[in-house]
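Source file: data.cif; contents: mmCIF, C-alpha atoms.
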```cif
data_data
#
loop_
_atom_site.label_atom_id
_atom_site.label_comp_id
_atom_site.auth_asym_id
_atom_site.auth_seq_id
_atom_site.Cartn_x
_atom_site.Cartn_y
_atom_site.Cartn_z
CA MET A 19 0.00 0.00 0.00
CA SER A 20 1.40 3.37 -1.02
CA PRO A 21 2.08 6.21 1.45
CA LEU A 22 -0.75 8.17 -0.18
CA ASP A 23 -3.21 5.37 0.58
CA LEU A 24 -2.03 5.20 4.20
CA THR A 25 -2.46 8.96 4.57
CA PHE A 26 -5.97 8.75 3.13
CA LEU A 27 -6.92 5.93 5.52
CA TRP A 28 -5.50 7.86 8.46
CA TYR A 29 -7.63 10.89 7.63
CA LYS A 30 -10.69 8.63 7.27
CA PHE A 31 -9.98 7.12 10.68
CA LYS A 32 -9.68 10.56 12.30
CA LEU A 33 -12.95 11.65 10.71
CA LEU A 34 -14.75 8.53 11.96
CA PHE A 35 -13.35 8.97 15.45
CA PHE A 36 -14.41 12.60 15.50
CA CYS A 37 -17.97 11.76 14.40
CA ILE A 38 -18.32 9.07 17.06
CA TYR A 39 -17.16 11.19 19.98
CA LEU A 40 -18.54 14.55 18.94
CA PRO A 41 -21.88 13.88 20.72
CA TYR A 42 -20.03 13.07 23.95
CA TYR A 43 -17.94 16.20 23.60
CA ALA A 44 -20.98 18.37 22.91
CA SER A 45 -23.01 16.87 25.76
CA SER A 46 -20.21 17.61 28.24
CA THR A 47 -21.00 21.32 27.90
CA CYS A 48 -23.21 22.69 30.65
CA PRO A 49 -26.36 24.37 29.24
CA ASP A 50 -27.08 28.00 30.15
CA ASP A 51 -30.53 27.19 31.55
CA VAL A 52 -29.77 24.38 34.00
CA LYS A 53 -33.16 24.62 35.72
CA GLY A 54 -35.02 24.47 32.42
CA HIS A 55 -32.91 21.55 31.21
CA THR A 56 -33.67 19.63 34.41
CA LYS A 57 -37.38 20.10 33.79
CA THR A 58 -36.91 18.89 30.22
CA CYS A 59 -35.27 15.70 31.52
CA PHE A 60 -38.52 14.80 33.30
CA ARG A 61 -41.04 16.17 30.82
CA GLU A 62 -42.01 12.70 29.62
CA TYR A 63 -42.24 11.47 33.21
CA GLU A 64 -44.63 14.26 34.21
CA MET A 65 -46.81 13.46 31.20
CA LYS A 66 -46.98 9.78 32.25
CA ILE A 67 -48.01 10.77 35.79
CA ARG A 68 -51.46 11.60 34.46
CA GLY A 69 -51.91 7.94 33.59
CA ILE A 70 -51.81 6.85 37.24
CA LEU A 71 -53.18 9.91 39.03
CA ALA A 72 -56.21 10.83 36.93
CA PRO A 73 -59.34 11.74 38.92
CA GLN A 74 -61.16 8.58 40.07
CA ASN A 75 -58.56 6.50 38.28
CA THR A 76 -55.51 6.46 40.55
CA ILE A 77 -52.94 3.79 41.21
CA ILE A 78 -54.83 2.76 44.39
CA SER A 79 -58.13 2.50 42.54
CA GLY A 80 -56.94 0.47 39.56
CA VAL A 81 -55.01 1.59 36.49
CA ASP A 82 -53.49 -0.23 33.54
CA ALA A 83 -50.21 -1.79 34.71
CA GLU A 84 -48.65 -0.74 31.41
CA ASN A 85 -49.10 2.88 32.49
CA ILE A 86 -46.92 2.18 35.51
CA ARG A 87 -44.31 0.48 33.33
CA LEU A 88 -44.21 3.48 30.99
CA LEU A 89 -43.94 5.79 34.00
CA CYS A 90 -40.92 3.84 35.26
CA THR A 91 -39.29 3.93 31.82
CA ALA A 92 -39.73 7.71 31.65
CA PHE A 93 -38.50 8.05 35.24
CA LYS A 94 -35.32 6.05 34.59
CA SER A 95 -34.68 8.08 31.45
CA GLY A 96 -35.07 11.26 33.48
CA LEU A 97 -32.60 10.06 36.10
CA SER A 98 -30.05 9.24 33.40
CA CYS A 99 -30.56 12.66 31.87
CA VAL A 100 -30.04 14.35 35.24
CA ALA A 101 -26.94 12.28 35.99
CA ASP A 102 -25.49 13.46 32.68
CA LEU A 103 -26.45 17.03 33.51
CA LYS A 104 -24.78 16.86 36.92
CA SER A 105 -21.58 15.54 35.42
CA SER A 106 -21.52 18.53 33.05
CA CYS A 107 -22.73 21.14 35.58
CA THR A 108 -20.85 20.32 38.76
CA GLN A 109 -21.40 23.84 40.10
CA ASP A 110 -25.17 23.65 39.69
CA THR A 111 -26.07 20.45 41.54
CA ALA A 112 -28.04 22.42 44.16
CA VAL A 113 -30.22 23.93 41.43
CA ILE A 114 -30.78 20.51 39.89
CA ASP A 115 -31.66 18.93 43.25
CA GLU A 116 -34.12 21.73 43.96
CA GLU A 117 -35.99 20.94 40.75
CA LEU A 118 -35.94 17.21 41.53
CA GLY A 119 -37.62 17.98 44.85
CA LYS A 120 -40.59 19.39 42.94
CA LEU A 121 -41.29 16.21 41.01
CA PRO A 122 -44.66 14.51 41.55
CA LEU A 123 -44.65 11.21 43.47
CA ALA A 124 -42.13 10.06 46.02
CA VAL A 125 -38.93 9.95 44.01
CA ALA A 126 -36.83 7.67 46.24
CA GLU A 127 -39.76 5.29 46.69
CA LEU A 128 -40.52 5.23 42.96
CA ASN A 129 -36.86 4.55 42.22
CA LYS A 130 -37.03 1.44 44.43
CA LEU A 131 -40.32 0.24 42.94
CA CYS A 132 -39.15 0.67 39.34
CA ARG A 133 -36.25 -1.71 39.95
CA ASP A 134 -38.73 -4.49 40.76
CA ASP A 135 -39.65 -5.99 37.38
CA SER A 136 -42.15 -8.36 38.99
CA PHE A 137 -44.26 -5.47 40.28
CA TYR A 138 -46.08 -4.85 36.99
CA GLU A 139 -47.28 -8.45 36.70
CA VAL A 140 -48.40 -8.55 40.34
CA TYR A 141 -50.29 -5.28 39.97
CA ALA A 142 -51.93 -6.44 36.73
CA ARG A 143 -53.20 -9.60 38.45
CA ASN A 144 -54.80 -7.56 41.22
CA ARG A 145 -55.98 -4.53 39.31
CA VAL A 146 -59.64 -5.55 39.38
CA CYS A 147 -59.55 -5.82 43.16
CA TYR A 148 -58.20 -2.30 43.44
CA GLU A 149 -60.91 -1.09 41.09
CA LYS A 150 -63.55 -2.57 43.39
CA SER A 151 -62.04 -1.05 46.54
CA GLY A 152 -60.89 2.15 44.84
CA VAL A 153 -63.46 4.53 46.35
CA ALA A 154 -62.77 3.24 49.86
CA ASN A 155 -58.99 3.37 49.28
CA GLU A 156 -59.13 7.00 48.23
CA ARG A 157 -61.37 7.78 51.21
CA CYS A 158 -58.70 6.25 53.47
CA PHE A 159 -56.09 8.51 51.98
CA LYS A 160 -58.30 11.56 52.44
CA GLU A 161 -59.24 10.79 56.04
CA VAL A 162 -55.83 9.69 57.31
CA MET A 163 -53.50 11.97 55.35
CA ASN A 164 -55.97 14.85 55.04
CA SER A 165 -55.22 15.14 51.33
CA SER A 166 -56.51 13.92 48.01
CA VAL A 167 -54.40 11.09 46.66
CA ARG A 168 -53.92 13.21 43.56
CA ILE A 169 -52.16 15.86 45.63
CA ILE A 170 -48.89 14.17 46.47
CA THR A 171 -48.28 14.76 50.16
CA GLU A 172 -45.13 16.62 51.10
CA LEU A 173 -44.70 15.84 54.79
CA ASP A 174 -42.07 17.20 57.15
CA PRO A 175 -43.00 15.45 60.41
CA SER A 176 -41.69 16.56 63.77
CA SER A 177 -41.75 12.95 64.90
CA VAL A 178 -40.79 9.89 62.91
CA THR A 179 -43.06 7.75 65.08
CA GLU A 180 -46.04 10.03 64.45
CA PHE A 181 -45.35 10.16 60.73
CA CYS A 182 -44.95 6.41 60.44
CA GLY A 183 -48.01 5.86 62.59
CA ASP A 184 -50.05 7.75 60.00
CA ILE A 185 -48.58 5.54 57.28
CA ASP A 186 -49.58 2.46 59.26
CA ARG A 187 -53.12 3.75 59.78
CA LEU A 188 -53.47 4.46 56.08
CA SER A 189 -52.20 0.99 55.22
CA ASP A 190 -54.56 -0.64 57.73
CA CYS A 191 -57.50 1.35 56.37
CA MET A 192 -56.77 0.25 52.82
CA GLY A 193 -56.24 -3.30 54.02
CA ALA A 194 -59.73 -3.34 55.55
CA ALA A 195 -61.19 -2.04 52.28
CA LEU A 196 -59.44 -4.79 50.32
CA ILE A 197 -60.54 -7.48 52.76
CA ALA A 198 -64.13 -6.26 52.44
CA GLU A 199 -63.86 -6.99 48.71
CA GLN A 200 -62.46 -10.46 49.48
CA CYS A 201 -59.17 -9.65 47.78
CA SER A 202 -56.28 -12.10 47.80
CA LYS A 203 -53.35 -11.94 50.21
CA GLU A 204 -51.17 -10.88 47.29
CA ALA A 205 -53.44 -7.90 46.57
CA ILE A 206 -53.47 -6.89 50.23
CA SER A 207 -49.68 -7.08 50.56
CA LEU A 208 -49.34 -4.86 47.48
CA LYS A 209 -50.99 -1.91 49.24
CA ASP A 210 -47.84 -1.03 51.19
CA LYS A 211 -45.83 -0.47 48.01
CA LEU A 212 -48.58 1.73 46.60
CA VAL A 213 -48.87 3.76 49.79
CA ARG A 214 -45.11 4.35 49.91
CA LEU A 215 -45.15 5.48 46.30
CA LEU A 216 -47.69 8.21 47.05
CA ILE A 217 -46.03 9.69 50.14
CA ARG A 218 -42.61 11.26 49.89
CA GLY A 219 -40.19 10.08 52.57
CA SER A 220 -42.20 7.02 53.55
CA LEU A 221 -39.28 4.67 52.93
CA ARG A 222 -38.03 5.66 56.39
CA CYS A 223 -40.98 3.79 57.90
CA ASP A 224 -39.51 0.31 57.90
CA LYS A 225 -40.62 -1.34 61.14
CA SER A 226 -37.08 -2.22 62.20
CA ALA A 227 -35.96 1.34 61.61
CA TYR A 228 -38.45 3.32 63.63
CA THR A 229 -39.50 0.91 66.38
CA VAL A 230 -36.12 -0.61 67.24
CA SER A 231 -33.81 2.29 66.52
CA SER A 232 -34.68 5.65 65.01
CA GLN A 233 -31.06 6.80 64.62
CA ASN A 234 -31.14 6.24 60.89
CA THR A 235 -34.55 7.77 60.37
CA THR A 236 -34.61 11.03 62.30
CA PRO A 237 -36.35 13.87 60.42
CA SER A 238 -33.19 16.01 60.42
CA GLN A 239 -31.65 13.58 57.95
CA PHE A 240 -34.37 14.26 55.42
CA GLN A 241 -35.27 17.31 53.40
CA ASN A 242 -38.58 17.26 51.56
CA GLY A 243 -38.72 13.49 51.93
CA ARG A 244 -35.30 12.90 50.40
CA ARG A 245 -32.17 12.05 52.35
CA SER A 246 -29.85 15.02 52.36
CA GLY A 247 -26.38 14.68 50.90
CA ASN A 248 -25.24 11.92 48.58
CA GLN A 249 -27.88 9.27 48.20
CA GLY A 250 -25.72 6.52 46.83
CA ARG A 251 -27.15 3.74 44.73
CA ASP A 252 -30.78 4.13 45.74
CA GLY A 253 -31.21 7.88 45.43
CA THR A 254 -31.72 10.33 42.61
CA ASN A 255 -28.16 11.63 42.92
CA THR A 256 -26.81 8.34 41.62
CA VAL A 257 -24.58 8.71 38.61
CA ASN A 258 -25.48 6.24 35.92
CA SER A 259 -22.66 3.73 35.48
CA ASN A 260 -23.31 3.65 31.75
CA TYR A 261 -21.93 7.14 31.34
CA LEU A 262 -18.41 7.60 30.04
CA PRO A 263 -16.15 7.79 33.11
CA ASN A 264 -13.86 10.60 31.97
CA ARG A 265 -15.24 13.18 29.56
CA THR A 266 -12.15 15.33 29.96
CA LEU A 267 -10.02 12.61 28.37
CA ILE A 268 -12.43 12.32 25.46
CA SER A 269 -12.42 16.08 24.98
CA LEU A 270 -8.61 16.12 24.88
CA LEU A 271 -8.59 13.28 22.35
CA VAL A 272 -11.03 15.12 20.12
CA VAL A 273 -9.01 18.33 20.27
CA PHE A 274 -5.82 16.36 19.55
CA ILE A 275 -7.36 14.76 16.47
CA ILE A 276 -8.64 18.11 15.20
CA LEU A 277 -5.15 19.55 15.57
CA LEU A 278 -3.71 16.59 13.69
CA GLY A 279 -6.11 17.31 10.88
CA PHE A 280 -4.65 20.76 10.46
CA SER A 281 -1.07 19.62 10.75
#
```
Let me see the structure of the file written as structure tokens.
Amino acid sequence: MSPLDLTFLWYKFKLLFFCIYLPYYASSTCPDDVKGHTKTCFREYEMKIRGILAPQNTIISGVDAENIRLLCTAFKSGLSCVADLKSSCTQDTAVIDEELGKLPLAVAELNKLCRDDSFYEVYARNRVCYEKSGVANERCFKEVMNSSVRIITELDPSSVTEFCGDIDRLSDCMGAALIAEQCSKEAISLKDKLVRLLIRGSLRCDKSAYTVSSQNTTPSQFQNGRRSGNQGRDGTNTVNSNYLPNRTLISLLVVFIILLGFS
């Protein structure tokens, strides 16, 4: 192969490399409107919310399980988008977190539920039962939490025990409504997941956490129902492992190749 052919192939290789990594390079730039971009990340998610919180057709009164699946897909996509945004806008994480705190539904609780692939099938099997007990379930939510189920409760309790006691009373009330409809044990056990999904911060109400030791669940550790600081693997601050680990290196490679092209 002649030197001219090798030079041509080298230029082709540089062009291909540049085209592949240009999107990564471009996406590493922080947008001017960080708050607006955060909202855009969850636009699809907020549209899907309507499918499980429509009047008289909520998740505790029977909805199509596929709507929940689509909601989870949009939610995961939003989290990935935000993780990318945080990696590009390291100085604006507080702004991003503030917008995340405004999202409908209990974000940490939804994140846990969406990792359970069996949930959709279980809910689909018991949907009819929730349709039958739906009016009573929503009445429970209204009487115990003093709020419509369609208005996602933002609670900042002064006492973990009091807060979790309300969660227990709501769960018991829904359980009685389900039993009255002769629902299966599987349907009745599902109510706790649904209750947690609708109340921000309710993940703290694990029995072992607030009856044996409340050190890990004191209200001061939570802000707007989300644990303050880094949330680790289970929280919305998790950086998606699928993202490229070092964008700076990629950027340098791209610049180096561009310079080679002009040499």
- Grab the CA of Tyr148 in chain A to CA of Ile78 in chain A distance for me, in Å with one decimal place.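 These atoms are spaced 6.2 Å apart.
When only C-alpha atoms are used to compute distances to Val52 in chain A, the closest of the residues A:Ser189, A:Ser151, A:Asn75, A:Thr108 turns out to be A:Thr108.
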- Message: For a test of reading the model, state the distance in Å between CA of Gly193 in chain A and CA of Leu89 in chain A, rounded to one decimal.
- Response: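 Pair CA of Gly193 in chain A / CA of Leu89 in chain A returns 25.2 Å.
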Can you turn the PyMOL selection byres ((chain A and resi 196) around 12) into a concrete residue list for this file, as a PDB file with C-alpha atoms, keeping the file's coordinate frame?
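Heads up, here's the output in out.pdb:
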```
ATOM      1  CA  ILE A  78     -54.830   2.760  44.390  1.00  0.00           C
ATOM      2  CA  SER A  79     -58.130   2.500  42.540  1.00  0.00           C
ATOM      3  CA  ASN A 144     -54.800  -7.560  41.220  1.00  0.00           C
ATOM      4  CA  ARG A 145     -55.980  -4.530  39.310  1.00  0.00           C
ATOM      5  CA  VAL A 146     -59.640  -5.550  39.380  1.00  0.00           C
ATOM      6  CA  CYS A 147     -59.550  -5.820  43.160  1.00  0.00           C
ATOM      7  CA  TYR A 148     -58.200  -2.300  43.440  1.00  0.00           C
ATOM      8  CA  GLU A 149     -60.910  -1.090  41.090  1.00  0.00           C
ATOM      9  CA  LYS A 150     -63.550  -2.570  43.390  1.00  0.00           C
ATOM     10  CA  SER A 151     -62.040  -1.050  46.540  1.00  0.00           C
ATOM     11  CA  GLY A 152     -60.890   2.150  44.840  1.00  0.00           C
ATOM     12  CA  VAL A 153     -63.460   4.530  46.350  1.00  0.00           C
ATOM     13  CA  ALA A 154     -62.770   3.240  49.860  1.00  0.00           C
ATOM     14  CA  ASN A 155     -58.990   3.370  49.280  1.00  0.00           C
ATOM     15  CA  GLU A 156     -59.130   7.000  48.230  1.00  0.00           C
ATOM     16  CA  CYS A 158     -58.700   6.250  53.470  1.00  0.00           C
ATOM     17  CA  SER A 189     -52.200   0.990  55.220  1.00  0.00           C
ATOM     18  CA  ASP A 190     -54.560  -0.640  57.730  1.00  0.00           C
ATOM     19  CA  CYS A 191     -57.500   1.350  56.370  1.00  0.00           C
ATOM     20  CA  MET A 192     -56.770   0.250  52.820  1.00  0.00           C
ATOM     21  CA  GLY A 193     -56.240  -3.300  54.020  1.00  0.00           C
ATOM     22  CA  ALA A 194     -59.730  -3.340  55.550  1.00  0.00           C
ATOM     23  CA  ALA A 195     -61.190  -2.040  52.280  1.00  0.00           C
ATOM     24  CA  ILE A 197     -60.540  -7.480  52.760  1.00  0.00           C
ATOM     25  CA  ALA A 198     -64.130  -6.260  52.440  1.00  0.00           C
ATOM     26  CA  GLU A 199     -63.860  -6.990  48.710  1.00  0.00           C
ATOM     27  CA  GLN A 200     -62.460 -10.460  49.480  1.00  0.00           C
ATOM     28  CA  CYS A 201     -59.170  -9.650  47.780  1.00  0.00           C
ATOM     29  CA  SER A 202     -56.280 -12.100  47.800  1.00  0.00           C
ATOM     30  CA  LYS A 203     -53.350 -11.940  50.210  1.00  0.00           C
ATOM     31  CA  GLU A 204     -51.170 -10.880  47.290  1.00  0.00           C
ATOM     32  CA  ALA A 205     -53.440  -7.900  46.570  1.00  0.00           C
ATOM     33  CA  ILE A 206     -53.470  -6.890  50.230  1.00  0.00           C
ATOM     34  CA  SER A 207     -49.680  -7.080  50.560  1.00  0.00           C
ATOM     35  CA  LEU A 208     -49.340  -4.860  47.480  1.00  0.00           C
ATOM     36  CA  LYS A 209     -50.990  -1.910  49.240  1.00  0.00           C
TER      37      LYS A 209
END
```
- Task: Given the file shown, enumerate the residues that the PyMOL selection byres ((chain A and resi 124) around 8) captures and present them as a PyMOL selection string.
- Result: chain A and resi 121-123+125-128+170+214-219+243
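Going from CA of Glu62 in chain A over to CA of Val81 in chain A, you cover 18.4 Å.
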When you look at Leu103 in chain A with a cut-off of 10 Å (counting all atoms listed in the file), what residues show up, excluding the ones that are within fewer than 2 positions of it in the same chain? I need them as a PDB file with C-alpha atoms, in the frame of the given file.
```
ATOM      1  CA  SER A  45     -23.010  16.870  25.760  1.00  0.00           C
ATOM      2  CA  SER A  46     -20.210  17.610  28.240  1.00  0.00           C
ATOM      3  CA  THR A  47     -21.000  21.320  27.900  1.00  0.00           C
ATOM      4  CA  CYS A  48     -23.210  22.690  30.650  1.00  0.00           C
ATOM      5  CA  PRO A  49     -26.360  24.370  29.240  1.00  0.00           C
ATOM      6  CA  VAL A  52     -29.770  24.380  34.000  1.00  0.00           C
ATOM      7  CA  HIS A  55     -32.910  21.550  31.210  1.00  0.00           C
ATOM      8  CA  THR A  56     -33.670  19.630  34.410  1.00  0.00           C
ATOM      9  CA  CYS A  59     -35.270  15.700  31.520  1.00  0.00           C
ATOM     10  CA  LEU A  97     -32.600  10.060  36.100  1.00  0.00           C
ATOM     11  CA  SER A  98     -30.050   9.240  33.400  1.00  0.00           C
ATOM     12  CA  CYS A  99     -30.560  12.660  31.870  1.00  0.00           C
ATOM     13  CA  VAL A 100     -30.040  14.350  35.240  1.00  0.00           C
ATOM     14  CA  ALA A 101     -26.940  12.280  35.990  1.00  0.00           C
ATOM     15  CA  SER A 105     -21.580  15.540  35.420  1.00  0.00           C
ATOM     16  CA  SER A 106     -21.520  18.530  33.050  1.00  0.00           C
ATOM     17  CA  CYS A 107     -22.730  21.140  35.580  1.00  0.00           C
ATOM     18  CA  THR A 108     -20.850  20.320  38.760  1.00  0.00           C
ATOM     19  CA  ASP A 110     -25.170  23.650  39.690  1.00  0.00           C
ATOM     20  CA  THR A 111     -26.070  20.450  41.540  1.00  0.00           C
ATOM     21  CA  ILE A 114     -30.780  20.510  39.890  1.00  0.00           C
ATOM     22  CA  VAL A 257     -24.580   8.710  38.610  1.00  0.00           C
TER      23      VAL A 257
END
```
- Item | Among the residues A:Phe60, A:Ala112, A:Gly80, A:Lys53, the one that comes closest to Gly96 in chain A [using all atoms listed in the file] |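 Looking at the shortest contact to Gly96 in chain A, the residue is A:Phe60.
Each of A:Asn129, A:Ser165, A:Thr91, A:Thr58 was checked against Lys211 in chain A using all atoms listed in the file; the smallest atom-to-atom distance is that of A:Asn129.
With distances restricted to only C-alpha atoms, A:Leu131 is the closest residue to Asp210 in chain A from A:Ile86, A:Leu131, A:Val178, A:Ile70.
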